[in-house]
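Coordinates from entry-v9.cif are shown below (mmCIF, C-alpha atoms).
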data_entry
loop_
_atom_site.label_atom_id
_atom_site.label_comp_id
_atom_site.auth_asym_id
_atom_site.auth_seq_id
_atom_site.Cartn_x
_atom_site.Cartn_y
_atom_site.Cartn_z
CA MET A 1 0.00 0.00 0.00
CA LYS A 2 2.86 2.37 0.80
CA ASP A 3 4.17 2.59 -2.77
CA ASN A 4 0.70 3.27 -4.20
CA LEU A 5 0.15 6.43 -2.15
CA LYS A 6 0.59 9.76 -3.91
CA ILE A 7 1.91 12.04 -1.16
CA THR A 8 2.92 15.62 -1.90
CA PRO A 9 5.14 17.37 0.70
CA ILE A 10 3.73 20.70 1.87
CA ASP A 11 5.15 24.02 3.07
CA ASN A 12 4.47 25.83 6.35
CA GLU A 13 1.72 28.21 5.15
CA GLN A 14 -1.70 27.22 6.52
CA LEU A 15 -0.06 23.98 7.56
CA SER A 16 -3.00 22.20 9.16
CA TYR A 17 -5.33 23.00 6.27
CA LYS A 18 -2.80 21.93 3.65
CA THR A 19 -2.08 18.76 5.58
CA LYS A 20 -5.78 17.94 5.54
CA LEU A 21 -5.94 18.51 1.77
CA ALA A 22 -2.84 16.34 1.24
CA LEU A 23 -4.42 13.56 3.30
CA ILE A 24 -7.64 13.76 1.29
CA GLU A 25 -5.61 13.52 -1.92
CA LEU A 26 -3.72 10.45 -0.80
CA ILE A 27 -6.95 8.79 0.42
CA ASN A 28 -8.54 9.46 -2.98
CA THR A 29 -5.59 7.87 -4.80
CA GLY A 30 -4.43 5.28 -2.26
CA SER A 31 -6.91 2.51 -3.05
CA PRO A 32 -7.05 1.34 -6.68
CA ASP A 33 -10.42 -0.35 -6.14
CA GLY A 34 -11.87 2.48 -4.05
CA LYS A 35 -12.27 0.32 -0.97
CA PRO A 36 -11.40 1.49 2.58
CA PHE A 37 -7.79 0.94 3.61
CA LYS A 38 -5.47 1.46 6.56
CA LEU A 39 -3.21 4.50 6.56
CA PRO A 40 0.46 4.23 7.59
CA ASN A 41 1.22 4.88 11.25
CA GLU A 42 1.61 8.47 12.46
CA ASP A 43 5.42 8.41 12.54
CA GLU A 44 5.69 7.28 8.93
CA LEU A 45 2.89 9.48 7.67
CA SER A 46 4.17 12.65 9.35
CA GLN A 47 7.67 11.99 8.02
CA ARG A 48 6.48 11.47 4.45
CA LEU A 49 4.26 14.57 4.55
CA GLY A 50 7.01 16.63 6.15
CA VAL A 51 4.92 17.81 9.10
CA SER A 52 5.03 17.26 12.85
CA ARG A 53 2.93 14.61 14.54
CA ASN A 54 0.91 17.34 16.26
CA VAL A 55 -0.03 18.90 12.91
CA LEU A 56 -0.84 15.47 11.51
CA ARG A 57 -3.04 14.60 14.48
CA ASP A 58 -4.96 17.87 14.10
CA ALA A 59 -5.56 17.11 10.42
CA LEU A 60 -6.59 13.52 11.12
CA GLY A 61 -8.96 14.75 13.82
CA SER A 62 -10.56 17.07 11.28
CA LEU A 63 -10.92 14.22 8.78
CA GLU A 64 -12.47 12.09 11.51
CA ASP A 65 -15.04 14.82 12.14
CA MET A 66 -15.75 14.79 8.41
CA GLY A 67 -16.25 11.02 8.44
CA ILE A 68 -13.40 10.38 6.01
CA VAL A 69 -11.31 8.40 8.51
CA THR A 70 -12.01 6.45 11.68
CA ARG A 71 -9.41 5.86 14.37
CA ARG A 72 -9.84 2.80 16.59
CA ARG A 73 -7.50 1.38 19.16
CA GLY A 74 -5.85 -1.78 17.85
CA LYS A 75 -7.01 -1.16 14.26
CA GLY A 76 -5.23 2.08 13.44
CA THR A 77 -6.59 4.76 11.09
CA LEU A 78 -8.97 3.50 8.41
CA ALA A 79 -9.65 5.74 5.39
CA ASN A 80 -12.73 5.70 3.17
CA PRO A 81 -12.09 6.97 -0.40
CA ALA A 82 -15.83 6.98 -1.13
CA LEU A 83 -16.34 9.73 1.45
CA ALA A 84 -13.14 11.60 0.60
CA ASP A 85 -14.34 11.87 -3.00
CA THR A 86 -17.87 13.04 -2.13
CA SER A 87 -18.59 16.47 -3.61
CA CYS A 88 -21.16 19.04 -2.43
CA ARG A 89 -20.63 18.21 1.25
CA LEU A 90 -22.05 21.27 3.00
CA ASP A 91 -20.69 20.07 6.32
CA VAL A 92 -17.17 20.01 4.85
CA GLU A 93 -16.75 22.85 2.37
CA PRO A 94 -17.92 26.31 3.44
CA GLU A 95 -16.76 28.11 0.30
CA LEU A 96 -19.46 28.29 -2.35
CA GLN A 97 -17.13 28.66 -5.32
CA ARG A 98 -15.23 25.51 -4.37
CA THR A 99 -18.50 23.63 -3.92
CA PHE A 100 -19.44 24.35 -7.54
CA GLU A 101 -15.94 23.59 -8.81
CA ASN A 102 -15.80 20.29 -6.93
CA ALA A 103 -19.10 19.38 -8.58
CA GLY A 104 -17.44 19.83 -11.99
CA TYR A 105 -18.78 23.28 -12.94
CA GLN A 106 -16.94 26.30 -14.28
CA VAL A 107 -18.40 29.06 -12.17
CA LYS A 108 -18.61 32.77 -12.96
CA ILE A 109 -19.02 35.18 -10.04
CA ASP A 110 -20.49 38.66 -10.38
CA THR A 111 -20.32 41.06 -7.43
CA LEU A 112 -23.61 42.96 -7.40
CA ARG A 113 -23.01 45.03 -4.28
CA LEU A 114 -20.06 45.71 -1.98
CA GLY A 115 -20.01 48.34 0.73
CA PHE A 116 -20.93 49.39 4.25
CA VAL A 117 -24.50 49.76 5.47
CA TYR A 118 -24.90 52.08 8.44
CA ARG A 119 -27.80 50.61 10.35
CA SER A 120 -28.37 47.62 12.60
CA ASP A 121 -28.70 44.18 11.07
CA PRO A 122 -31.61 42.19 12.54
CA SER A 123 -30.09 39.02 11.09
CA PHE A 124 -27.47 39.06 13.85
CA HIS A 125 -28.10 37.83 17.34
CA PRO A 126 -29.85 40.56 19.37
CA GLY A 127 -26.98 40.55 21.85
CA LEU A 128 -24.45 41.62 19.23
CA ASP A 129 -23.66 45.33 19.15
CA CYS A 130 -23.82 45.82 15.38
CA ASP A 131 -24.98 49.22 14.18
CA ALA A 132 -23.23 48.89 10.82
CA TYR A 133 -22.11 46.04 8.60
CA LEU A 134 -20.26 45.27 5.40
CA THR A 135 -22.50 43.68 2.80
CA VAL A 136 -21.37 41.59 -0.17
CA GLU A 137 -23.89 40.35 -2.73
CA LYS A 138 -22.74 37.88 -5.38
CA LEU A 139 -24.38 35.95 -8.20
CA PHE A 140 -22.88 32.56 -9.05
CA SER A 141 -23.48 31.37 -12.61
CA ILE A 142 -22.59 28.21 -14.51
CA GLU A 143 -22.95 27.29 -18.17
CA SER A 144 -26.74 26.87 -17.91
CA GLY A 145 -27.34 30.17 -16.11
CA ALA A 146 -27.57 31.59 -12.59
CA ALA A 147 -27.08 28.89 -9.95
CA ALA A 148 -26.93 30.71 -6.60
CA TYR A 149 -27.36 34.14 -5.08
CA CYS A 150 -25.34 34.89 -1.94
CA VAL A 151 -25.54 37.79 0.53
CA ASP A 152 -22.82 38.15 3.19
CA HIS A 153 -23.13 40.54 6.13
CA ILE A 154 -20.03 41.08 8.25
CA ALA A 155 -20.25 43.16 11.43
CA ALA A 156 -18.42 46.44 10.78
CA GLN A 157 -16.31 46.33 13.93
CA TYR A 158 -14.46 43.29 12.61
CA VAL A 159 -13.49 44.82 9.27
CA ARG A 160 -12.68 48.42 10.21
CA ARG A 161 -8.95 47.77 10.16
CA ALA A 162 -9.25 46.47 6.59
CA GLU A 163 -11.66 49.09 5.26
CA ASN A 164 -9.24 50.08 2.48
CA GLN A 165 -8.97 46.47 1.27
CA ILE A 166 -12.65 45.58 0.91
CA SER A 167 -12.34 45.54 -2.89
CA ALA A 168 -10.47 42.25 -2.40
CA LEU A 169 -13.87 40.69 -1.64
CA ASN A 170 -14.57 40.82 -5.38
CA THR A 171 -12.16 37.91 -5.83
CA MET A 172 -12.05 36.18 -2.44
CA THR A 173 -14.51 34.80 0.08
CA HIS A 174 -15.35 36.49 3.36
CA TYR A 175 -13.58 33.62 5.14
CA GLN A 176 -10.37 34.40 3.26
CA PHE A 177 -10.80 38.17 3.69
CA LEU A 178 -11.37 38.01 7.45
CA SER A 179 -8.35 35.76 7.92
CA LYS A 180 -5.93 37.61 5.62
CA TYR A 181 -6.84 41.25 6.18
CA CYS A 182 -8.58 41.31 9.56
CA GLY A 183 -6.65 38.65 11.45
CA ILE A 184 -9.88 36.83 12.33
CA PRO A 185 -9.89 33.19 11.21
CA MET A 186 -13.31 31.60 11.19
CA ALA A 187 -13.98 28.62 13.45
CA TYR A 188 -17.40 27.29 12.47
CA THR A 189 -20.71 28.07 10.81
CA VAL A 190 -24.18 27.19 12.07
CA ALA A 191 -26.43 26.60 9.07
CA HIS A 192 -30.23 26.77 8.99
CA VAL A 193 -31.77 25.14 5.91
CA ASP A 194 -35.19 26.02 4.55
CA ILE A 195 -37.21 26.23 1.34
CA ALA A 196 -38.01 29.67 -0.10
CA ILE A 197 -40.16 30.84 -2.98
CA ALA A 198 -38.24 33.29 -5.13
CA GLU A 199 -39.60 36.82 -4.93
CA PRO A 200 -40.09 38.60 -8.27
CA TRP A 201 -36.81 40.54 -8.06
CA LEU A 202 -34.87 37.33 -7.34
CA SER A 203 -36.67 35.44 -10.13
CA ASP A 204 -35.66 38.20 -12.55
CA LEU A 205 -32.09 38.23 -11.28
CA MET A 206 -31.63 34.46 -11.60
CA GLY A 207 -33.83 33.95 -14.67
CA LEU A 208 -36.25 31.68 -12.83
CA PRO A 209 -39.91 30.88 -13.50
CA GLU A 210 -42.41 32.70 -11.31
CA LYS A 211 -42.68 31.26 -7.77
CA GLU A 212 -39.77 28.88 -8.33
CA PRO A 213 -38.79 27.10 -5.06
CA LEU A 214 -35.20 27.55 -3.93
CA LEU A 215 -33.09 26.00 -1.22
CA LEU A 216 -32.28 28.72 1.31
CA MET A 217 -29.34 28.33 3.66
CA LYS A 218 -28.84 30.86 6.47
CA ASP A 219 -25.38 30.76 8.05
CA HIS A 220 -24.26 32.31 11.33
CA ILE A 221 -20.47 32.56 11.25
CA TYR A 222 -18.31 32.43 14.37
CA SER A 223 -14.66 33.26 15.05
CA LEU A 224 -12.19 31.17 17.05
CA ASP A 225 -13.16 33.33 20.04
CA HIS A 226 -16.79 32.26 19.56
CA GLU A 227 -17.82 35.74 18.47
CA LEU A 228 -20.67 36.05 15.98
CA VAL A 229 -18.91 37.82 13.12
CA GLY A 230 -21.16 37.43 10.10
CA PHE A 231 -24.40 36.23 8.64
CA THR A 232 -24.91 34.76 5.16
CA GLN A 233 -27.97 33.89 3.10
CA ILE A 234 -27.55 31.66 0.06
CA TYR A 235 -30.33 30.85 -2.40
CA PHE A 236 -29.59 27.70 -4.42
CA ARG A 237 -31.32 26.97 -7.71
CA ARG A 238 -32.62 23.44 -7.54
CA GLY A 239 -31.24 20.65 -9.71
CA ILE A 240 -27.72 22.11 -9.92
CA LEU A 241 -25.94 20.70 -6.88
CA ASP A 242 -26.48 17.37 -5.18
CA LEU A 243 -26.05 18.90 -1.72
CA LYS A 244 -25.20 16.53 1.13
CA PHE A 245 -24.65 16.41 4.88
CA LEU A 246 -22.88 13.57 6.64
CA ARG A 247 -24.65 12.36 9.81
CA ARG A 248 -22.31 10.57 12.19
CA ASN A 249 -23.58 7.71 14.29
CA PHE A 250 -20.75 7.61 16.83
#
The structure in this file should be written as structure tokens.
Amino acid sequence: MKDNLKITPIDNEQLSYKTKLALIELINTGSPDGKPFKLPNEDELSQRLGVSRNVLRDALGSLEDMGIVTRRRGKGTLANPALADTSCRLDVEPELQRTFENAGYQVKIDTLRLGFVYRSDPSFHPGLDCDAYLTVEKLFSIESGAAAYCVDHIAAQYVRRAENQISALNTMTHYQFLSKYCGIPMAYTVAHVDIAIAEPWLSDLMGLPEKEPLLLMKDHIYSLDHELVGFTQIYFRRGILDLKFLRRNF
């Protein structure tokens, strides 16, 4: 099994995240028949990836949360290529562009609105002191037309230091922007899923039939300090993405 694994050494930038991606790659390519297999032990795996055991354990823990690996005493770490190769996992991939790309689409993104709004945002938790917010509205299109409409609201107090760089949001996600320019890496997102009927303005924007049902996902976004930083609404056109959640039973 060792010689069949395609392992790419990684550098120190975003080490844990890159280690996780490298592990997913080797799990995808490590089993010719696609069946679950046992990964090398931590010493060997960390040496071949060029990372410390602590970094490797963090990455393996993340993959375990994602259901891609299981770690059991006496049996080692078992990897499941079928889950590593699953696209449109909303519990795994928070970035909408990557979700479309992983599903095999070439996606075009148009920024419809980008700027500060100076009033409170009722979408945030009532306990959050947010009298202004940065709003980003984007339309995601594929070959067959508009596929999703996304509105991000980020509490103004978290982006003040990067006010002169907000144009970067035309080409990057709010997760990337908050981490790179504001020094606020995101920890987790709580998603609320519902069905919505497209209002006339949204039907016109996305080229939908009148009263077309859409999947609506409302995300509350938290920092590593458990602060509510942002709120996102995404309207998905049906029939484009085979969206999935993994439900763990242990």
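Using only C-alpha atoms for every distance, the candidate list A:Thr99, A:Asn80, A:Ser120, A:Ser87 yields A:Asn80 as the residue closest to Asp33 in chain A.
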So that I can see what lies close to Ala59 in chain A, please list as a VMD selection string the residues with an atom at most 10 Å from it, counting all atoms listed in the file and leaving out residues fewer than 2 positions away in the same chain. chain A and resid 15 to 24 53 to 57 61 to 65
Smallest atom-to-atom distance to Met217 in chain A: which of A:Leu205, A:Tyr181, A:Thr171, A:Val151, using only C-alpha atoms? A:Val151
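With all atoms listed in the file as the basis for measurement, A:Ile154 is the residue among A:Ile154, A:Leu49, A:Ala132, A:Ile221 that approaches Leu169 in chain A most closely.
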Which polymer residues have any atom within 12 Å of an atom of range 72-75 of chain A, counting all atoms listed in the file, with same-chain residues fewer than 6 positions away left out, as a list of chain:residue names? A:Phe37, A:Lys38, A:Leu39, A:Pro40, A:Asn41, A:Glu64, A:Phe250
Given the PyMOL selection byres ((chain A and resi 235) around 7) and the file above, list the residues it selects as an NGL selection string. :A and (148-150 or 214-217 or 233-234 or 236-237)
Run the PyMOL selection byres ((chain A and resi 90) around 10) mentally over the shown coordinates, then write out the matched residues as a tab-separated table (two decimals) with C-alpha atoms, keeping the file's coordinate frame, using the chain letters and numbers from the document.
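Saved result, out08.tsv, follows:
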chain	number	residue	atom	x	y	z
A	87	SER	CA	-18.59	16.47	-3.61
A	88	CYS	CA	-21.16	19.04	-2.43
A	89	ARG	CA	-20.63	18.21	1.25
A	91	ASP	CA	-20.69	20.07	6.32
A	92	VAL	CA	-17.17	20.01	4.85
A	93	GLU	CA	-16.75	22.85	2.37
A	94	PRO	CA	-17.92	26.31	3.44
A	95	GLU	CA	-16.76	28.11	0.30
A	96	LEU	CA	-19.46	28.29	-2.35
A	99	THR	CA	-18.50	23.63	-3.92
A	191	ALA	CA	-26.43	26.60	9.07
A	243	LEU	CA	-26.05	18.90	-1.72
A	244	LYS	CA	-25.20	16.53	1.13
A	245	PHE	CA	-24.65	16.41	4.88
A	246	LEU	CA	-22.88	13.57	6.64
Can you list, as a PyMOL selection string, the residues that the PyMOL selection byres ((chain A and resi 134) around 6) selects here? chain A and resi 115-116+133+135+153-154+156
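Rounded to one decimal, CA of Gly207 in chain A and CA of Gly145 in chain A lie 7.6 Å from each other.
Going from CA of Ala155 in chain A over to CA of Arg98 in chain A, you cover 24.2 Å.
Nearest to Leu139 in chain A of all the residues A:Ile184, A:Leu114, A:Ala196, A:Met206 is A:Met206, based on all atoms listed in the file.
Taking CA of Pro200 in chain A as the reference point, CA of His220 in chain A is found at 26.0 Å.
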Counting all atoms listed in the file, which residues have an atom no more than 6 Å from (-19.6, 38.2, 0.8) in the file's coordinates? Please list them as a ChimeraX atom specification. /A:136-137,151-152,174
May I have the residues from that selection written out with C-alpha atoms, as a compact mmCIF listing (two decimals), in the frame of the given file?
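Heads up, here's the output in out38.txt:
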# COMPACT_ATOMS: atom_id res chain seq x y z
CA VAL A 136 -21.37 41.59 -0.17
CA GLU A 137 -23.89 40.35 -2.73
CA VAL A 151 -25.54 37.79 0.53
CA ASP A 152 -22.82 38.15 3.19
CA HIS A 174 -15.35 36.49 3.36
Name the closest residue to Ala146 in chain A among the candidates A:Ala79, A:Leu60, A:Val107, A:Val229; distances are taken between atoms, counting only C-alpha atoms.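 Answer, going by the shortest atom-to-atom distance: A:Val107.
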Using only C-alpha atoms: which of A:Ala147, A:Gly67, A:Asn170, A:Arg160 has the shortest distance to Leu202 in chain A: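 Counting only C-alpha atoms, the residue closest to Leu202 in chain A is A:Ala147.
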Which polymer residues have any atom within 7 Å of an atom of Tyr222 in chain A, counting only C-alpha atoms, with same-chain residues fewer than 2 positions away left out, as a VMD selection string? chain A and resid 186 to 189 220 224 226 to 229
Save the residues we just selected, C-alpha atoms, as a tab-separated table (two decimals), keeping the file's coordinate frame?
chain	number	residue	atom	x	y	z
A	186	MET	CA	-13.31	31.60	11.19
A	187	ALA	CA	-13.98	28.62	13.45
A	188	TYR	CA	-17.40	27.29	12.47
A	189	THR	CA	-20.71	28.07	10.81
A	220	HIS	CA	-24.26	32.31	11.33
A	224	LEU	CA	-12.19	31.17	17.05
A	226	HIS	CA	-16.79	32.26	19.56
A	227	GLU	CA	-17.82	35.74	18.47
A	228	LEU	CA	-20.67	36.05	15.98
A	229	VAL	CA	-18.91	37.82	13.12
Atoms added to range 162-184 of chain A (N, CA and C atoms), reported as a short mmCIF file (atom, residue, chain, number, x, y, z; two decimals), in the coordinates of the input:
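Output file out_33.cif follows:
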data_model
loop_
_atom_site.label_atom_id
_atom_site.label_comp_id
_atom_site.auth_asym_id
_atom_site.auth_seq_id
_atom_site.Cartn_x
_atom_site.Cartn_y
_atom_site.Cartn_z
N ALA A 162 -9.52 46.84 7.99
CA ALA A 162 -9.25 46.47 6.59
C ALA A 162 -10.17 47.21 5.64
N GLU A 163 -10.68 48.37 6.07
CA GLU A 163 -11.66 49.09 5.26
C GLU A 163 -11.13 49.43 3.88
N ASN A 164 -9.83 49.70 3.77
CA ASN A 164 -9.24 50.08 2.48
C ASN A 164 -9.01 48.89 1.56
N GLN A 165 -9.21 47.67 2.08
CA GLN A 165 -8.97 46.47 1.27
C GLN A 165 -10.25 45.74 0.89
N ILE A 166 -11.42 46.34 1.13
CA ILE A 166 -12.65 45.58 0.91
C ILE A 166 -12.86 45.21 -0.55
N SER A 167 -12.20 45.91 -1.47
CA SER A 167 -12.34 45.54 -2.89
C SER A 167 -11.82 44.13 -3.15
N ALA A 168 -10.98 43.61 -2.24
CA ALA A 168 -10.47 42.25 -2.40
C ALA A 168 -11.59 41.22 -2.33
N LEU A 169 -12.73 41.61 -1.73
CA LEU A 169 -13.87 40.69 -1.64
C LEU A 169 -14.49 40.40 -3.00
N ASN A 170 -14.10 41.14 -4.03
CA ASN A 170 -14.57 40.82 -5.38
C ASN A 170 -14.00 39.49 -5.86
N THR A 171 -12.84 39.11 -5.33
CA THR A 171 -12.16 37.91 -5.83
C THR A 171 -11.89 36.88 -4.75
N MET A 172 -12.27 37.15 -3.51
CA MET A 172 -12.05 36.18 -2.44
C MET A 172 -13.30 36.07 -1.58
N THR A 173 -13.36 35.00 -0.80
CA THR A 173 -14.51 34.80 0.08
C THR A 173 -14.35 35.62 1.34
N HIS A 174 -15.44 35.76 2.09
CA HIS A 174 -15.35 36.49 3.36
C HIS A 174 -14.50 35.72 4.36
N TYR A 175 -14.45 34.39 4.27
CA TYR A 175 -13.58 33.62 5.14
C TYR A 175 -12.12 34.01 4.89
N GLN A 176 -11.73 34.04 3.62
CA GLN A 176 -10.37 34.40 3.26
C GLN A 176 -10.05 35.84 3.64
N PHE A 177 -11.00 36.74 3.40
CA PHE A 177 -10.80 38.17 3.69
C PHE A 177 -10.61 38.40 5.19
N LEU A 178 -11.46 37.81 6.00
CA LEU A 178 -11.37 38.01 7.45
C LEU A 178 -10.05 37.46 7.99
N SER A 179 -9.60 36.34 7.46
CA SER A 179 -8.35 35.76 7.92
C SER A 179 -7.14 36.57 7.46
N LYS A 180 -7.12 36.95 6.18
CA LYS A 180 -5.93 37.61 5.62
C LYS A 180 -5.82 39.07 6.03
N TYR A 181 -6.91 39.81 5.97
CA TYR A 181 -6.84 41.25 6.18
C TYR A 181 -7.27 41.70 7.58
N CYS A 182 -8.06 40.89 8.25
CA CYS A 182 -8.58 41.31 9.56
C CYS A 182 -7.99 40.51 10.71
N GLY A 183 -7.24 39.46 10.40
CA GLY A 183 -6.65 38.65 11.45
C GLY A 183 -7.67 37.89 12.27
N ILE A 184 -8.81 37.53 11.63
CA ILE A 184 -9.88 36.83 12.33
C ILE A 184 -10.22 35.55 11.58
#
